[in-house]
Amino acid sequence: MPYDDLRSFLNTLEKEGQLLRITDEVLPEPDLAAAANAAGRIGDGAPALWFDRIQGFTDARVVMNVHGSWRNHALALGLPKETSTREQVEEFARRWDAFPVAPERRADAPWQENTLTGDDVDLFRVLPLFRLNDGDGGFYLDKAAVVSRDPEAPDDFGRQNVGTYRLEVVGRDRLGLQPVPMHDIAQHLRKAEERGEDLPVAITLGNDPVVPIVAGMPMGYDQSEYEMAGALRGAPLPLAVAPHTGLDVPWGAEVVIEGVIEAGVRQLEGPFGEFTGHYSGGRRMPVVRIERISYRTDPVFESLYLGMPWTECDYLVGPNTCVPLLKQLRAEFPEVRAVNAMYTHGLLVIISTAKRYGGFAKAVGMRAMTTPHGLGYVTQVILVDEDVDPFDLPQVMWAQSSKVNPREDVVVVPNLSVLGLAPAAEPAGVTSKMIIDATTPVAPDRRGNFGMPTRDLPETAEWTQRLRSLLAER
Ligand SMILES: Cc1cc2nc3c(=O)[nH]c(=O)nc-3n(C[C@H](O)[C@H](O)[C@H](O)COP(=O)(O)O)c2cc1C
């Protein structure tokens, strides 16, 4: 059953035992972030965390770790919470095939209940802001969906982009924004600045649980995240029109912030503890000038802890990175079986593929680097045979350790693009990338002595069942 807003999803999480209300009073810093950081350390069943007794705030509701476990991720997709990771990725891939599902236009959005405009615009009046890492340069909104249109095609719904880009509060009505150059908002901003125009944006916080999944999903430039949300939900996503900018925004959002990215303006942003497990450093970034804030009565502030993996972010961008890469690769190479891009948002990717002829797997690896996501991430690709499960790391390590002859099977391509946050890049934004071909050579590549692989005995499957039953009966 799809959720139309964050609150209905939180109700389900609570019924499923996947939302923990912290009833003791906590400090905004470091308790909120430390609790969410800890949720990432207690394993795959971690719950979402709800806080409403926060010292210094008389009226605040904060929720963290909403997608921060495989159980919560499954529930966000309307699956049973026990659904295995592999099954979640497979179901995600099946639902992708229903794309596009047109959104539903709905009136009377709950965020229309309260409005701040003009001199009244003040983020501090609406959100209980707090810092996430002890080295962060300020308060961040890091789980928002940022909506913008292509200035050259403002009526093209597909080119309207919905993306998660972290936002630093640099004033009561100003936000620093980090657009990675490979991402769609960077293209929108470049086009606007070339025309000497500000770029209108709507920033929606506290969305139904599928919106953050599509907002962090590397789709094609002209593919609509809202139409993908409909496919993943199995029902049209309810949308409403943001009153100040005319942008399409989720009907169920808690808070809708509207304004413009000011053309040509850059301001110091950061440092911020990032998904790479390293700080970003302070850099000059574009700035959003906020002109209107709309919000539900008693808004819930949804935030996400980011830092050393694994954190909520890794669950959130797990399947939503694997599946686009799988589909984009298969469009040209139907031999590709599965893609595991779960490590550090796909800086490292493992692909299993059948081979057409010798050298084929390396071509698949090169294509992975030129997909929309590959251009800014995918610095290392490990290729394995079609019968190796890329989600089973011992199998992958077996393939790599036994099949790779380093001189021929490790290919390093120098000076390719990567996002500036990749800590190993030098200079920032440029890196060499590596393909490790751990597949079995096929003709005309006749290298190695792979003619006699051992296989599990024919009776092993039956014995596996038998042992499991015997152990269960003990
Ligand atoms: C929590 C979180 C924070 C993110 N922060 C940023 C960011 O600051 N800048 C950015 O360009 N991408 C950021 N991303 C990644 C993009 O949202 C993601 O790669 C998405 O696919 C980009 O889509 P786009 O090409 O449509 O912009 C973040 C993702 C998540 C989940």
# chains A, B, ... in the order shown; residues from 1 in each chain; ligands from 1
call {"tool": "select_by_dssp", "arguments": {"residues": "range 377-412 of chain A", "states": "strand (DSSP E or B)", "output": "PyMOL selection string"}}
result
chain A and resi 380-384+410-412
call {"tool": "residues_around", "arguments": {"residues": "Arg159 in chain A", "least_positions_apart": "2", "cutoff": "12 Å", "atoms": "only C-alpha atoms", "output": "CSV table (one decimal) with C-alpha atoms, in the first residue's frame"}}
result
chain,number,residue,atom,x,y,z
A,147,VAL,CA,12.9,20.5,-7.7
A,148,SER,CA,13.9,22.6,-10.6
A,149,ARG,CA,13.1,22.9,-14.3
A,150,ASP,CA,15.3,23.0,-17.4
A,151,PRO,CA,15.4,26.8,-18.3
A,152,GLU,CA,15.5,25.8,-22.0
A,153,ALA,CA,12.5,23.5,-21.7
A,154,PRO,CA,10.4,24.7,-18.8
A,155,ASP,CA,7.3,22.9,-19.9
A,156,ASP,CA,9.0,19.5,-20.3
A,157,PHE,CA,7.8,17.5,-17.3
A,161,ASN,CA,14.3,17.4,-11.9
A,162,VAL,CA,13.9,16.1,-8.4
A,163,GLY,CA,17.2,15.5,-6.6
A,184,ASP,CA,20.8,17.3,-13.4
A,185,ILE,CA,20.5,20.4,-11.2
A,187,GLN,CA,22.9,21.4,-15.9
A,188,HIS,CA,19.8,23.4,-15.0
A,219,MET,CA,18.0,8.3,-13.9
A,220,GLY,CA,18.3,9.7,-17.4
A,221,TYR,CA,18.3,13.5,-17.7
A,222,ASP,CA,14.8,13.5,-19.3
A,223,GLN,CA,13.2,10.8,-17.2
A,224,SER,CA,10.8,12.0,-14.5
A,225,GLU,CA,11.5,11.0,-10.9
A,226,TYR,CA,7.8,11.6,-10.2
A,227,GLU,CA,6.8,9.1,-12.9
A,247,LEU,CA,7.0,23.8,-9.6
A,248,ASP,CA,5.4,20.4,-9.1
call {"tool": "residues_around", "arguments": {"residues": "range 63-75 of chain A", "least_positions_apart": "6", "cutoff": "9 Å", "atoms": "only C-alpha atoms", "output": "JSON, numbers by chain"}}
result
{"A": [9, 10, 12, 13, 16, 18, 19, 32, 33, 35, 36, 37, 39, 40, 43, 44, 45, 46, 47, 48, 49, 50, 51, 52, 81, 82, 83, 84, 85, 88, 209, 300, 301, 302, 303, 304, 305, 311, 312, 313, 314, 315, 316]}
call {"tool": "write_last_selection", "arguments": {"atoms": "C-alpha atoms", "output": "PDB file, in the first residue's frame"}}
result
ATOM      1  CA  PHE A   9       4.565   5.857   6.822  1.00  0.00           C
ATOM      2  CA  LEU A  10       5.676   6.594  10.384  1.00  0.00           C
ATOM      3  CA  THR A  12       3.154   1.886   9.733  1.00  0.00           C
ATOM      4  CA  LEU A  13       6.728   1.808  11.004  1.00  0.00           C
ATOM      5  CA  GLU A  16       5.650  -2.887  12.631  1.00  0.00           C
ATOM      6  CA  GLN A  18      10.243  -0.145  13.348  1.00  0.00           C
ATOM      7  CA  LEU A  19       9.876   3.273  14.972  1.00  0.00           C
ATOM      8  CA  LEU A  32      20.140  13.547  17.819  1.00  0.00           C
ATOM      9  CA  ALA A  33      22.992  12.768  15.429  1.00  0.00           C
ATOM     10  CA  ALA A  35      21.515   8.304  18.154  1.00  0.00           C
ATOM     11  CA  ALA A  36      21.093   8.125  14.384  1.00  0.00           C
ATOM     12  CA  ASN A  37      24.789   7.275  13.991  1.00  0.00           C
ATOM     13  CA  ALA A  39      21.261   3.140  14.629  1.00  0.00           C
ATOM     14  CA  GLY A  40      23.653   2.398  11.782  1.00  0.00           C
ATOM     15  CA  GLY A  43      22.399  -3.940  12.388  1.00  0.00           C
ATOM     16  CA  ASP A  44      19.860  -4.482   9.670  1.00  0.00           C
ATOM     17  CA  GLY A  45      16.771  -4.224  11.862  1.00  0.00           C
ATOM     18  CA  ALA A  46      17.420  -0.692  13.150  1.00  0.00           C
ATOM     19  CA  PRO A  47      14.271   1.415  13.630  1.00  0.00           C
ATOM     20  CA  ALA A  48      13.475   4.996  12.706  1.00  0.00           C
ATOM     21  CA  LEU A  49      14.034   7.345  15.680  1.00  0.00           C
ATOM     22  CA  TRP A  50      11.448   9.879  16.859  1.00  0.00           C
ATOM     23  CA  PHE A  51      12.310  12.781  19.154  1.00  0.00           C
ATOM     24  CA  ASP A  52       9.945  15.393  20.562  1.00  0.00           C
ATOM     25  CA  LYS A  81       9.816  -6.206   6.522  1.00  0.00           C
ATOM     26  CA  GLU A  82      11.572  -9.601   6.345  1.00  0.00           C
ATOM     27  CA  THR A  83      12.161  -9.270   2.569  1.00  0.00           C
ATOM     28  CA  SER A  84      15.823 -10.056   1.871  1.00  0.00           C
ATOM     29  CA  THR A  85      18.122  -7.432   0.347  1.00  0.00           C
ATOM     30  CA  GLN A  88      14.222  -6.005  -2.550  1.00  0.00           C
ATOM     31  CA  PRO A 209       9.090   7.405   1.692  1.00  0.00           C
ATOM     32  CA  VAL A 300       8.015  16.939  11.404  1.00  0.00           C
ATOM     33  CA  PHE A 301      11.674  17.638  10.583  1.00  0.00           C
ATOM     34  CA  GLU A 302      13.150  14.616   8.809  1.00  0.00           C
ATOM     35  CA  SER A 303      16.944  14.438   8.834  1.00  0.00           C
ATOM     36  CA  LEU A 304      19.532  11.805   8.013  1.00  0.00           C
ATOM     37  CA  TYR A 305      22.851  11.071   9.693  1.00  0.00           C
ATOM     38  CA  THR A 311      24.489   4.775   7.702  1.00  0.00           C
ATOM     39  CA  GLU A 312      20.898   5.397   6.607  1.00  0.00           C
ATOM     40  CA  CYS A 313      22.241   6.859   3.374  1.00  0.00           C
ATOM     41  CA  ASP A 314      23.696   3.498   2.313  1.00  0.00           C
ATOM     42  CA  TYR A 315      20.302   1.780   2.587  1.00  0.00           C
ATOM     43  CA  LEU A 316      18.608   4.686   0.849  1.00  0.00           C
TER      44      LEU A 316
END
call {"tool": "closest_residue", "arguments": {"among": "A:Val317, A:Ala443, A:Ala361, A:Leu237", "to": "ligand 1", "atoms": "only C-alpha atoms and all ligand atoms"}}
result
A:Val317
call {"tool": "residues_around", "arguments": {"residues": "range 347-350 of chain A", "least_positions_apart": "6", "cutoff": "6 Å", "atoms": "only C-alpha atoms", "output": "PyMOL selection string"}}
result
chain A and resi 339-341+377-383+390
call {"tool": "select_by_dssp", "arguments": {"residues": "range 78-212 of chain A", "states": "alpha helix (DSSP H)", "output": "PyMOL selection string"}}
result
chain A and resi 85-96+123-126+184-194+210-212
call {"tool": "closest_residue", "arguments": {"among": "A:Asn133, A:Ala338, A:Gln328, A:Gln465", "to": "Met369 in chain A", "atoms": "only C-alpha atoms"}}
result
A:Gln328
call {"tool": "atom_distance", "arguments": {"atom1": "CA of Tyr3 in chain A", "atom2": "CA of Phe391 in chain A"}}
result
29.0 Å
call {"tool": "closest_residue", "arguments": {"among": "A:Leu467, A:Leu232, A:Val430, A:Ala144", "to": "ligand 1", "atoms": "only C-alpha atoms and all ligand atoms"}}
result
A:Ala144
call {"tool": "closest_residue", "arguments": {"among": "A:Leu375, A:Val404, A:Ile290, A:Leu129", "to": "Leu27 in chain A", "atoms": "only C-alpha atoms"}}
result
A:Leu129
call {"tool": "atom_distance", "arguments": {"atom1": "CA of Pro218 in chain A", "atom2": "CA of Lys191 in chain A"}}
result
20.1 Å
call {"tool": "atom_distance", "arguments": {"atom1": "CA of Leu239 in chain A", "atom2": "CA of Val101 in chain A"}}
result
12.7 Å
call {"tool": "closest_residue", "arguments": {"among": "A:Ala76, A:Val170, A:Val180, A:Leu175", "to": "ligand 1", "atoms": "only C-alpha atoms and all ligand atoms"}}
result
A:Val180
call {"tool": "residues_around", "arguments": {"residues": "Arg233 in chain A", "least_positions_apart": "6", "cutoff": "9 Å", "atoms": "only C-alpha atoms", "output": "list in words"}}
result
Met1, Pro2, Tyr3, Ala76, Leu77, Gly78, Arg95 and Val210 of chain A
call {"tool": "closest_residue", "arguments": {"among": "A:Arg447, A:Arg296, A:His183, A:Arg356", "to": "ligand 1", "atoms": "only C-alpha atoms and all ligand atoms"}}
result
A:His183
call {"tool": "residues_around", "arguments": {"residues": "Val396 in chain A", "least_positions_apart": "3", "cutoff": "10 Å", "atoms": "only C-alpha atoms", "output": "list in words"}}
result
Ile350, Ile351, Ser352, Ile382, Leu383, Val384, Asp385, Val388, Asp389, Pro390, Phe391, Asp392, Leu393, Ala399, Gln400, Ser401, Ser402 and Ala438 of chain A
call {"tool": "residues_around", "arguments": {"residues": "Val410 in chain A", "least_positions_apart": "4", "cutoff": "8 Å", "atoms": "only C-alpha atoms", "output": "PyMOL selection string"}}
result
chain A and resi 404-406+434-437
